[in-house]
Every structure is written in structure tokens, then in C-alpha cells.
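Asks: Quick one: structure below, then a few questions.
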2 protein chains.
Amino acid sequence: MKWDSVCMTTLVNGQSTRCVDLADRGFQYGDGTFTTVAVCRSVPLFLPFHLARLEHDCQKLLIPFPGGECLTREVRTLCNAQLDGVLKVLISRGIGGRGYRFPEPTNVTRVLSMHPLPDYPPDIRKSGVEIRLCEVRLGINPRLAGIKHMNRLEQILARAEWNAEEIREGLMLDAEGYVTEGTMSNVFLIKDGALYTPKIDRCGVAGVMRGITITTALEHGVVVAESRITLEELYAADEVFLTNCVIGMWPVSRCEHRTYGVGPVTREIDRWLRMKAEGELAAACNG
Amino acid sequence: MKWDSVCMTTLVNGQSTRCVDLADRGFQYGDGTFTTVAVCRSVPLFLPFHLARLEHDCQKLLIPFPGGECLTREVRTLCNAQLDGVLKVLISRGIGGRGYRFPEPTNVTRVLSMHPLPDYPPDIRKSGVEIRLCEVRLGINPRLAGIKHMNRLEQILARAEWNAEEIREGLMLDAEGYVTEGTMSNVFLIKDGALYTPKIDRCGVAGVMRGITITTALEHGVVVAESRITLEELYAADEVFLTNCVIGMWPVSRCEHRTYGVGPVTREIDRWLRMKAEGELAAACNG
């Protein structure tokens with residue numbers, strides 16, 4: 001694994017470096033939060049949503065938010081040098097001493113890194129993907145629920161359960177067995193024309209694309225519910241799809257023994273999401 | 001907070017540096033494990049136990065263990081330059097690309113850092129400490145239970161609940177309300193002469209000093225049980241104490257409204273643990 005081959009440019013507190021102090025609490029404790037932005041024709045898609053999520057997650061973790069202007073400036077610097085890619089923006093609680101107590105004063109660390117787009121087959125957004133059920137479950141902790149924090153061992157161990165390239169994602173249940181999310185995506189299901197997605201109030205990440213998908217569906221008159229979803233309900237669904245900001249949305253064609261068609265509601269939502277992204281691009285080009 | 005004032009010497013993969021690559025999975029995801037060693041007269045106390053715990057935790061996290069000889073060499077390098085202190089040894093999954101999948105091949109990162117001894121009042125090991133109950137609870141995840149991994153946001157948020165210097169530790173319950181551990185220590189209670197400590201099979205850290213305390217108590221004929229412990233049982237206990245490798249053991253003199261005396265069993269165990277540490281020191285000086 002060569003980092004040079006997978007990370008093109010980086011900024012740490014505005015400086016072009018790859019060096020983080022080993023005393024950074026991000027390194028010592030995973031004490032921070034991040035977001036992952038799709039970059040298309042040098043435009044960071046849905047940037048205001050990502051900044052809002054970072055601010056919200058910093059607040060929940062009691063990390064001082066470095067401010068949208070500062071982050072926007074740094075995001076633009078990296079995006080202007082790159083046509084298409086994936087931009088990761090990370091905020092940690094910064095350098096501290098040994099022990100869990102907050103450092104005083106706290107000087108947060110901002111880390112931006114630009115990565116190549118993953119090379120997924122181009123047709124899977126149309127044809128759908130096969131996913132699997134993970135054995136590793138998500139511990140229930142309402143205090144951390146929703147936050148895209150840097151404590152990601154559950155997802156890492158879940159992702160280590162399979163190697164088959166044709167399986168694109170693993171679905172994770174919470175400690176009580178409710179369907180919660182994919183290792184890197186949120187999950188939606190459609191039943192009788194209504195859209196359901198797991199409540200993210202006890203564990204899981206409230207993804208930016210999850211929020212955009214809910215809003216978009218509501219705008220188009222779809223009935224949406226956030227609820228506890230059992231495996232039986234997942235298997236009984238008419239359609240299932242996954243979302244995140246890099247993939248956009250992927251229909252699910254198979255989960256374990258159950259196959260799904262790429263149904264009409266999924267296709268419609270896909271179309272609306274594409275329109276929204278294209279609207280963003282058009283606005284950025286005219287702006 | 002100046003890191004220079006709190007960290008004296010460091011080694012990253014054997015090199016004297018404080019720089020960690022921002023692509024290190026320890027930084028990106030908290031993907032690693034660590035242990036904290038008390039250093040007394042240049043002797044890393046209970047080092048074989050710490051190495052065994054690192055090897056065990058690496059195995060559970062599917063991280064290649066860098067080997068006891070390599071780590072021992074690096075530990076000795078830092079300890080020889082320092083009379084008394086706290087040595088932190090951390091192993092991360094090393095540099096990787098974006099995404100949760102393991103890097104291939106995996107080249108782990110070893111980080112050693114020497115810190116000053118914390119300046120606790122010298123008498124609290126005799127007189128006992130006041131602790132409090134934390135609101136933040138520990139999510140249940142048997143897959144991560146016991147491991148001193150680098151995902152420590154639960155402990156960080158719990159430690160942020162109080163500032164009063166006289167409160168030395170916060171007690172954490174699991175998601176179901178069972179007493180589990182302190183933010184930085186394990187907890188023991190004594191009832192009718194028997195020693196009880198929470199089972200660490202669903203969450204919590206199986207501390208090195210916890211293991212040494214259990215073994216020592218058993219060697220001296222004390223009845224020991226690992227069990228689910230309720231708050232009511234904690235408050236009904238005759239004596240309570242905390243352990244970790246830096247503090248050794250602290251009797252608990254108060255938890256919320258309940259006061260405890262420093263009882264005879266706690267005093268005995270304290271004496272045995274001191275003897276064990278002194279035995280280690282004597283062996284190291286003669287060895």
C-alpha cells in the first residue's frame with residue numbers, strides 16, 4: 001500500500017504536509033470527526049451540508065468548530081488543483097497530554113486530504129450491488145449516535161469479514177439486532193411505495209447523502225419514515241438501496257439469499273439525486 | 001497545553017520523531033491498541049504482562065504483532081534515559097488508503113512515548129479517593145470488549161463531565177446499567193471478605209493491573225468472582241478500590257452519596273501489590 005498512490009494532496013492546519021504530531025488526540029484516541037466530499041469538475045458537491053455536519057458533530061463531541069470560512073478556503077485550495085476526486089475533511093481535538101481530559105486550551109487540528117475516485121464498475125448504479133450481513137454489530141451509545149467520529153473499529157472489523165470483490169458492502173445490525181447501516185453507507189428500503197430508513201438515535205452515522213435523500217424524497221411527495229427495522233422487514237421490502245456521498249446511491253440487487261429488482265421508486269429517487277447534484281454543478285459553474 | 005512539557009522522548013518505528021503520517025489508520029480511524037507502563041528507577045514494571053496484552057489485543061484486532069523482542073528493545077531505549085515516568089506503547093495498523101478495508105500489505109506503526117509521572121497527592125493511596133458516577137455509558141460490543149484499543153471517545157466524553165480536582169475518577173456503567181469500570185481504571189469491590197470485579201466480556205478494558213490484582217488475590221487465598229455488578233451492589237459493598245498500572249491501586253473513600261472506609265482487605269491487597277512491584281524492581285536490579 002503506497003499512500004503516494006492514493007492520496008494526492010494534503011493540508012494540515014493550512015500547511016502542505018503529511019505530518020501529524022503523535023500527541024494529536026486524533027491519533028491517540030480517535031478523538032475527532034470527519035466528512036467525505038465528492039469532488040466533481042473541481043466542485044465539492046454539497047459542501048454546505050458537509051460543513052453543517054462537521055459543525056454539528058464538533059458540537060456533540062465538545063470540539064471547538066474551526067469555522068466554515070476557514071474550512072471552505074482550504075477545501076477550495078485542494079479542489080482547484082483537482083478535477084474529480086474524494087476529499088476527506090477531518091477535525092481532531094488537537095495536541096494534548098496523556099490522559100482523557102480535554103487539553104486546555106484546545107487547538108483543533110484540521111486535516112484535508114484529496115483522494116482518487118474509487119474505481120467501481122460504471123454500471124452498478126444502474127444494475128445494483130450484492131451486499132452481505134456482517135457478524136460484527138454496532139454497540140448502542142446514544143451519545144455518539146449519528147456522529148461520523150474517528151472511532152471506527154466496528155466498521156473496520158466488519159469490513160474485514162469478506163474479501164470477495166463482487167460483494168460491495170456489508171450491512172450492520174445494532175447490538176439488539178436491528179438493521180442500522182452499511183459499513184460505509186446508509187440503507188433505505190421501500191415497501192408499498194413508502195421509504196424507510198433506520199433511526200440513527202442509538203448508533204450509526206447520519207450520512208450527508210442520507211439527509212439529502214430523505215429531503216429529496218419528501219420534496220417529491222414520497223412518504224418517509226425513520227424507524228427500527230428488523231431483518232425480516234428488510235427481506236420483506238420491495239426495494240433496497242444504499243447511499244453515501246461518494247457512491248451517490250446504489251440499488252441493492254441481493255442481500256444474502258434474498259434478491260431484489262431495481263424498482264421504480266429507487267429509479268425515481270436516483271434520478272432526483274442526480275438532478276440535485278447536476279443543479280449544484282450548474283450553480284457552481286455560473287456562480 | 002505544551003506537548004514538550006508533558007512528553008519527554010518518543011520513538012516512531014524506532015526513529016526519534018514526533019511525526020506520524022496523516023494516512024496512518026491510528027489517526028484516521030483509531031485503528032490500533034496501546035498499553036501504559038509505570039517506569040520506576042528505569043525499570044518498566046510488569047513489562048511481560050504489557051507485551052502479552054499488546055499481543056493479545058493485536059490478535060483480536062487482526063493487527064500483526066511486531067514481536068516482543070523488537071518492542072522490548074525500544075522500551076529499554078526509552079527507559080534507560082529516564083528514572084521515573086509513564087511509558088505509553090501504541091501499535092496501529094499503519095498507513096493505508098481511504099476506506100475501512102485493511103491495507104495490503106499491512107506495516108504496523110509502533111509509537112513509544114515517555115511521560116512524566118502524574119502529580120497525585122502522595123497520601124491518596126492510603127486515604128482513598130472520591131469518585132463519581134458518569135452519565136456517558138459504555139456501548140456493548142463483545143468483539144471489542146477487553147481490548148485497550150484507540151477508540152476512546154466514550155471515556156473522553158465521560159471524563160469531560162467533571163472538573164473538580166478532588167474527584168479523581170468517574171465510574172462508568174454499560175448500556176444496560178451494570179457497573180463496568182472507571183474512565184481510566186478498573187474497579188473492585190469487597191463484600192464479606194470476597195473480591196468482586198465486573199466481567200469484561202461485553203465492554204470495558206481488561207487492564208494489566210486488574211489481571212495482576214486478581215492473580216495476587218487468588219494466590220493469597222481470597223475468593224474472587226468476575227460478575228455483573230449492579231449499582232445497588234456497589235453501594236452495598238464493604239470496600240471499593242480502583243486499579244491501573246500508573247496508580248497501582250486507590251481505595252475509594254466516596255462514590256456520590258456513599259462513603260467507604262479503607263478496609264482491611266483493601267489494605268492487604270495493597271500490601272501484596274506493593275510487594276509484587278518491589279519484587280520486580282529487585283529482580284531487575286539483580287538481573
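As shown in the C-alpha cells, the chain order sets the letters A, B, ...; within each chain, residues go from 1, and ligands are also counted from 1 in the order they appear.
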Env of Val179 in chain A: 6 Å cut, atoms = only C-alpha atoms, seq-sep filter 3 positions within chain, self excluded. Answer as a ChimeraX atom specification.
Replies: /A:173,229-230
Asks: Can I get the selection written as a CSV table (one decimal), in the first residue's frame, with N, CA and C atoms?
Replies:
chain,number,residue,atom,x,y,z
A,173,LEU,N,-26.0,-4.7,11.9
A,173,LEU,CA,-27.1,-4.7,12.8
A,173,LEU,C,-26.6,-4.0,14.1
A,229,ILE,N,-35.8,-1.1,12.2
A,229,ILE,CA,-36.1,-2.0,11.1
A,229,ILE,C,-35.5,-3.4,11.4
A,230,THR,N,-36.3,-4.4,11.3
A,230,THR,CA,-35.8,-5.8,11.6
A,230,THR,C,-35.3,-6.4,10.3
Asks: Write out as a count of residues only the set of residues from range 76-267 of chain B that DSSP, computed on the backbone, places in alpha helix (DSSP H).
Replies: 38
Asks: Using Å and a single decimal, report how far CA of Asp123 in chain A sits from CA of Cys40 in chain A.
Replies: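 Calculated distance between CA of Cys40 in chain A and CA of Asp123 in chain A is 18.3 Å.
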Asks: Do me a favour and pick out the residues of chain B within 6 Å of chain A, using only C-alpha atoms, as a PDB file with N, CA and C atoms, in the first residue's frame.
Replies:
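Once everything was written out, this is out_5.pdb:
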ATOM      1  N   MET B   1      -1.609  23.975  26.525  1.00  0.00           N
ATOM      2  CA  MET B   1      -1.066  22.613  26.624  1.00  0.00           C
ATOM      3  C   MET B   1       0.150  22.498  25.714  1.00  0.00           C
ATOM      4  N   VAL B   6       5.037  17.718  28.498  1.00  0.00           N
ATOM      5  CA  VAL B   6       4.423  16.515  29.038  1.00  0.00           C
ATOM      6  C   VAL B   6       4.936  15.230  28.393  1.00  0.00           C
ATOM      7  N   ARG B  18       8.435  12.903  16.292  1.00  0.00           N
ATOM      8  CA  ARG B  18       7.049  13.032  16.777  1.00  0.00           C
ATOM      9  C   ARG B  18       6.063  13.014  15.637  1.00  0.00           C
ATOM     10  N   CYS B  19       6.555  12.721  14.449  1.00  0.00           N
ATOM     11  CA  CYS B  19       5.718  12.830  13.259  1.00  0.00           C
ATOM     12  C   CYS B  19       5.088  11.488  12.918  1.00  0.00           C
ATOM     13  N   VAL B  20       3.770  11.510  12.780  1.00  0.00           N
ATOM     14  CA  VAL B  20       3.043  10.341  12.297  1.00  0.00           C
ATOM     15  C   VAL B  20       2.398  10.734  10.971  1.00  0.00           C
ATOM     16  N   ASP B  21       2.430   9.844   9.982  1.00  0.00           N
ATOM     17  CA  ASP B  21       1.802  10.125   8.692  1.00  0.00           C
ATOM     18  C   ASP B  21       0.295  10.275   8.885  1.00  0.00           C
ATOM     19  N   LEU B  22      -0.294  11.308   8.301  1.00  0.00           N
ATOM     20  CA  LEU B  22      -1.740  11.515   8.495  1.00  0.00           C
ATOM     21  C   LEU B  22      -2.555  10.368   7.904  1.00  0.00           C
ATOM     22  N   GLY B  26      -4.229   4.688  12.621  1.00  0.00           N
ATOM     23  CA  GLY B  26      -4.410   5.115  14.002  1.00  0.00           C
ATOM     24  C   GLY B  26      -5.038   6.493  14.049  1.00  0.00           C
ATOM     25  N   PHE B  27      -4.570   7.377  13.193  1.00  0.00           N
ATOM     26  CA  PHE B  27      -5.111   8.731  13.149  1.00  0.00           C
ATOM     27  C   PHE B  27      -6.470   8.783  12.453  1.00  0.00           C
ATOM     28  N   TYR B  29      -8.769   6.402  11.957  1.00  0.00           N
ATOM     29  CA  TYR B  29      -9.880   5.598  12.483  1.00  0.00           C
ATOM     30  C   TYR B  29      -9.716   5.124  13.920  1.00  0.00           C
ATOM     31  N   GLY B  30      -8.642   5.524  14.602  1.00  0.00           N
ATOM     32  CA  GLY B  30      -8.370   4.924  15.912  1.00  0.00           C
ATOM     33  C   GLY B  30      -8.098   3.437  15.794  1.00  0.00           C
ATOM     34  N   GLY B  97      -4.911   3.463   2.667  1.00  0.00           N
ATOM     35  CA  GLY B  97      -5.675   4.378   1.818  1.00  0.00           C
ATOM     36  C   GLY B  97      -6.993   4.727   2.468  1.00  0.00           C
ATOM     37  N   TYR B 100     -12.257   1.494   4.926  1.00  0.00           N
ATOM     38  CA  TYR B 100     -12.037   0.697   6.139  1.00  0.00           C
ATOM     39  C   TYR B 100     -11.264  -0.592   5.880  1.00  0.00           C
ATOM     40  N   ARG B 101     -11.200  -1.006   4.626  1.00  0.00           N
ATOM     41  CA  ARG B 101     -10.535  -2.271   4.320  1.00  0.00           C
ATOM     42  C   ARG B 101      -9.081  -2.229   4.775  1.00  0.00           C
ATOM     43  N   GLU B 104      -2.989  -3.626   2.305  1.00  0.00           N
ATOM     44  CA  GLU B 104      -2.223  -4.835   1.955  1.00  0.00           C
ATOM     45  C   GLU B 104      -0.968  -4.434   1.208  1.00  0.00           C
ATOM     46  N   GLY B 139     -21.070   1.463  25.338  1.00  0.00           N
ATOM     47  CA  GLY B 139     -21.809   0.627  24.395  1.00  0.00           C
ATOM     48  C   GLY B 139     -21.345  -0.815  24.509  1.00  0.00           C
ATOM     49  N   ILE B 140     -22.279  -1.730  24.321  1.00  0.00           N
ATOM     50  CA  ILE B 140     -21.942  -3.155  24.451  1.00  0.00           C
ATOM     51  C   ILE B 140     -21.478  -3.692  23.107  1.00  0.00           C
ATOM     52  N   ASN B 141     -20.248  -4.172  23.069  1.00  0.00           N
ATOM     53  CA  ASN B 141     -19.729  -4.814  21.860  1.00  0.00           C
ATOM     54  C   ASN B 141     -18.726  -5.887  22.248  1.00  0.00           C
ATOM     55  N   MET B 150      -7.750   2.056  20.510  1.00  0.00           N
ATOM     56  CA  MET B 150      -7.596   3.513  20.390  1.00  0.00           C
ATOM     57  C   MET B 150      -8.918   4.226  20.080  1.00  0.00           C
ATOM     58  N   ASN B 151     -10.033   3.554  20.270  1.00  0.00           N
ATOM     59  CA  ASN B 151     -11.356   4.194  20.115  1.00  0.00           C
ATOM     60  C   ASN B 151     -11.828   4.597  21.499  1.00  0.00           C
ATOM     61  N   ARG B 152     -11.502   5.772  21.947  1.00  0.00           N
ATOM     62  CA  ARG B 152     -11.708   6.109  23.349  1.00  0.00           C
ATOM     63  C   ARG B 152     -12.645   7.297  23.560  1.00  0.00           C
ATOM     64  N   ILE B 156     -13.490   9.694  26.878  1.00  0.00           N
ATOM     65  CA  ILE B 156     -13.204  11.130  26.773  1.00  0.00           C
ATOM     66  C   ILE B 156     -14.433  11.949  27.171  1.00  0.00           C
ATOM     67  N   ARG B 159     -14.987  11.651  30.880  1.00  0.00           N
ATOM     68  CA  ARG B 159     -14.020  12.438  31.664  1.00  0.00           C
ATOM     69  C   ARG B 159     -14.318  13.929  31.599  1.00  0.00           C
TER      70      ARG B 159
END
Asks: Which residues come within 9 Å of Cys79 in chain B, counting only C-alpha atoms, excluding same-chain residues fewer than 5 positions away, as a PyMOL selection string?
Replies: chain B and resi 39-44+74+84-85+87+114
Asks: Keeping only C-alpha atoms, take the residues you just selected and write them out as a PDB file, in the first residue's frame.
Replies:
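Saved the output as out36.pdb:
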ATOM      1  CA  VAL B  39       8.568   3.163  34.902  1.00  0.00           C
ATOM      2  CA  CYS B  40      10.361   3.092  38.257  1.00  0.00           C
ATOM      3  CA  ARG B  41      14.135   3.542  38.569  1.00  0.00           C
ATOM      4  CA  SER B  42      14.353   2.943  34.810  1.00  0.00           C
ATOM      5  CA  VAL B  43      12.530  -0.387  35.162  1.00  0.00           C
ATOM      6  CA  PRO B  44       9.343  -0.839  33.095  1.00  0.00           C
ATOM      7  CA  GLU B  74      12.613   0.046  22.135  1.00  0.00           C
ATOM      8  CA  ASP B  84      10.663   7.500  36.743  1.00  0.00           C
ATOM      9  CA  GLY B  85       7.803   8.084  34.373  1.00  0.00           C
ATOM     10  CA  LEU B  87       5.655   4.878  29.104  1.00  0.00           C
ATOM     11  CA  MET B 114       7.670   8.678  27.757  1.00  0.00           C
TER      12      MET B 114
END
Asks: What is the distance, in Å and to one decimal place, between CA of Gly128 in chain B and CA of Leu234 in chain B?
Replies: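 Taking CA of Gly128 in chain B and CA of Leu234 in chain B, their separation equals 16.1 Å.
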Asks: Near Ala237 in chain A, within 10 Å and counting only C-alpha atoms, which residues show up once chain neighbours fewer than 6 positions away are dropped, as a list in words?
Replies: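 Once the nearby chain positions are removed, what remains is Phe188, Leu189, Ile190, Lys191, Asp192, Leu195, Tyr196, Leu231 and Tyr260 of chain A.
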Asks: Atoms to include: N, CA and C atoms. Write the selected residues as a compact mmCIF listing (two decimals), in the first residue's frame.
Replies:
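Wrote out_23.txt, looks like this:
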# COMPACT_ATOMS: atom_id res chain seq x y z
N PHE A 188 -31.65 2.25 2.85
CA PHE A 188 -33.06 2.61 2.73
C PHE A 188 -33.82 1.40 2.19
N LEU A 189 -35.08 1.29 2.57
CA LEU A 189 -35.89 0.27 1.92
C LEU A 189 -37.26 0.85 1.58
N ILE A 190 -37.84 0.24 0.56
CA ILE A 190 -39.13 0.71 0.05
C ILE A 190 -40.15 -0.42 0.20
N LYS A 191 -41.28 -0.05 0.78
CA LYS A 191 -42.35 -1.03 0.97
C LYS A 191 -43.66 -0.32 0.66
N ASP A 192 -44.38 -0.86 -0.32
CA ASP A 192 -45.67 -0.27 -0.72
C ASP A 192 -45.52 1.22 -1.04
N LEU A 195 -40.85 5.07 1.87
CA LEU A 195 -39.41 4.94 2.05
C LEU A 195 -39.09 4.83 3.55
N TYR A 196 -38.35 3.82 3.92
CA TYR A 196 -37.99 3.61 5.33
C TYR A 196 -36.47 3.60 5.47
N LEU A 231 -34.56 -7.49 10.45
CA LEU A 231 -34.08 -8.21 9.27
C LEU A 231 -35.25 -8.73 8.44
N TYR A 260 -33.34 -8.70 -5.05
CA TYR A 260 -34.27 -7.59 -5.25
C TYR A 260 -34.15 -7.11 -6.70
Asks: In terms of the shortest atom-to-atom distance over only C-alpha atoms, which of B:Val240, B:Val75, B:Cys58, B:Ala217 is closest to Gly146 in chain B?
Replies: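 Once distances to Gly146 in chain B are computed over only C-alpha atoms, the minimum belongs to B:Cys58.
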Asks: For Cys70 in chain B, work out the shell of residues within 12 Å, counting only C-alpha atoms and skipping chain neighbours fewer than 2 positions away, then give it as a ChimeraX atom specification.
Replies: /B:13-14,51,65-68,72-77,110,112
Asks: As an NGL selection string, please: all residues of range 186-273 of chain B that backbone DSSP puts in strand (DSSP E or B).
Replies: :B and (186-191 or 194-198 or 205 or 224-227 or 229 or 239-244 or 248-255 or 258-259)
Asks: Those same residues - N, CA and C atoms - I'd like them written as a tab-separated table (two decimals), in the first residue's frame.
Replies:
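Contents of again.tsv, freshly written:
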chain	number	residue	atom	x	y	z
B	186	ASN	N	-9.80	0.06	36.46
B	186	ASN	CA	-10.77	-0.99	36.73
B	186	ASN	C	-11.24	-0.87	38.17
B	187	VAL	N	-12.39	-1.45	38.43
B	187	VAL	CA	-12.99	-1.31	39.77
B	187	VAL	C	-13.16	-2.68	40.42
B	188	PHE	N	-12.91	-2.72	41.71
B	188	PHE	CA	-13.10	-3.93	42.52
B	188	PHE	C	-13.96	-3.59	43.72
B	189	LEU	N	-14.74	-4.55	44.17
B	189	LEU	CA	-15.42	-4.33	45.44
B	189	LEU	C	-15.30	-5.56	46.32
B	190	ILE	N	-15.40	-5.33	47.61
B	190	ILE	CA	-15.24	-6.39	48.60
B	190	ILE	C	-16.53	-6.49	49.39
B	191	LYS	N	-17.02	-7.71	49.51
B	191	LYS	CA	-18.26	-7.95	50.27
B	191	LYS	C	-18.05	-9.25	51.04
B	194	ALA	N	-14.95	-11.41	50.23
B	194	ALA	CA	-14.68	-11.86	48.86
B	194	ALA	C	-14.49	-10.65	47.94
B	195	LEU	N	-13.73	-10.87	46.86
B	195	LEU	CA	-13.39	-9.79	45.93
B	195	LEU	C	-14.20	-9.95	44.65
B	196	TYR	N	-14.88	-8.89	44.25
B	196	TYR	CA	-15.70	-8.92	43.03
B	196	TYR	C	-15.22	-7.85	42.06
B	197	THR	N	-15.23	-8.19	40.79
B	197	THR	CA	-14.92	-7.18	39.76
B	197	THR	C	-15.79	-7.46	38.54
B	198	PRO	N	-16.18	-6.40	37.82
B	198	PRO	CA	-17.08	-6.61	36.68
B	198	PRO	C	-16.45	-7.51	35.60
B	205	VAL	N	-12.21	-2.33	29.49
B	205	VAL	CA	-10.82	-2.68	29.24
B	205	VAL	C	-10.37	-3.67	30.31
B	224	VAL	N	-12.39	-14.87	44.63
B	224	VAL	CA	-12.55	-13.82	43.61
B	224	VAL	C	-13.65	-14.22	42.64
B	225	ALA	N	-14.48	-13.25	42.26
B	225	ALA	CA	-15.51	-13.53	41.26
B	225	ALA	C	-15.58	-12.38	40.26
B	226	GLU	N	-15.67	-12.74	38.96
B	226	GLU	CA	-15.97	-11.75	37.92
B	226	GLU	C	-17.45	-11.88	37.63
B	227	SER	N	-18.18	-10.79	37.73
B	227	SER	CA	-19.64	-10.91	37.60
B	227	SER	C	-20.26	-9.62	37.10
B	229	ILE	N	-22.25	-6.52	38.00
B	229	ILE	CA	-22.41	-5.83	39.28
B	229	ILE	C	-23.35	-4.65	39.11
B	239	GLU	N	-16.02	-2.52	50.89
B	239	GLU	CA	-14.86	-1.73	50.47
B	239	GLU	C	-14.86	-1.67	48.94
B	240	VAL	N	-14.30	-0.62	48.40
B	240	VAL	CA	-14.19	-0.47	46.94
B	240	VAL	C	-12.81	0.09	46.64
B	241	PHE	N	-12.17	-0.43	45.59
B	241	PHE	CA	-10.92	0.21	45.15
B	241	PHE	C	-10.77	0.13	43.63
B	242	LEU	N	-9.88	0.96	43.12
B	242	LEU	CA	-9.61	1.06	41.68
B	242	LEU	C	-8.18	0.63	41.41
B	243	THR	N	-7.94	0.14	40.18
B	243	THR	CA	-6.56	-0.22	39.81
B	243	THR	C	-6.24	0.30	38.42
B	244	ASN	N	-5.01	0.69	38.23
B	244	ASN	CA	-4.39	0.73	36.90
B	244	ASN	C	-2.88	0.74	37.10
B	248	GLY	N	-1.38	2.12	40.49
B	248	GLY	CA	-1.33	0.91	41.31
B	248	GLY	C	-2.74	0.62	41.78
B	249	MET	N	-3.05	0.98	43.00
B	249	MET	CA	-4.45	0.87	43.45
B	249	MET	C	-4.81	2.06	44.32
B	250	TRP	N	-6.04	2.50	44.20
B	250	TRP	CA	-6.59	3.58	45.00
B	250	TRP	C	-7.82	3.05	45.74
B	251	PRO	N	-7.82	3.09	47.08
B	251	PRO	CA	-9.08	2.82	47.77
B	251	PRO	C	-10.08	3.92	47.41
B	252	VAL	N	-11.36	3.58	47.38
B	252	VAL	CA	-12.41	4.58	47.15
B	252	VAL	C	-12.98	4.97	48.51
B	253	SER	N	-12.93	6.26	48.82
B	253	SER	CA	-13.46	6.73	50.11
B	253	SER	C	-14.89	7.25	49.95
B	254	ARG	N	-15.26	7.58	48.71
B	254	ARG	CA	-16.61	8.09	48.50
B	254	ARG	C	-16.99	7.92	47.03
B	255	CYS	N	-18.23	7.49	46.81
B	255	CYS	CA	-18.82	7.49	45.45
B	255	CYS	C	-20.21	8.08	45.59
B	258	ARG	N	-22.39	7.83	48.91
B	258	ARG	CA	-21.94	6.71	49.73
B	258	ARG	C	-20.46	6.88	50.12
B	259	THR	N	-20.16	6.82	51.42
B	259	THR	CA	-18.75	6.84	51.85
B	259	THR	C	-18.33	5.43	52.24
Asks: Rounded to one decimal in Å, what is the spacing between CA of Met172 in chain B and CA of Leu133 in chain B?
Replies: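 Between CA of Met172 in chain B and CA of Leu133 in chain B the gap works out to 6.4 Å.
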Asks: Ranking A:Leu218, A:Lys126, A:Leu78, A:Cys134 by minimum distance to Arg271 in chain A and counting only C-alpha atoms, which one comes first?
Replies: A:Lys126
Asks: Give me, as a ChimeraX atom specification, all polymer residues having an atom no more than 10 Å from His220 in chain B, counting only C-alpha atoms and skipping those fewer than 3 positions away in the same chain.
Replies: /B:215-217,223,268-269,272
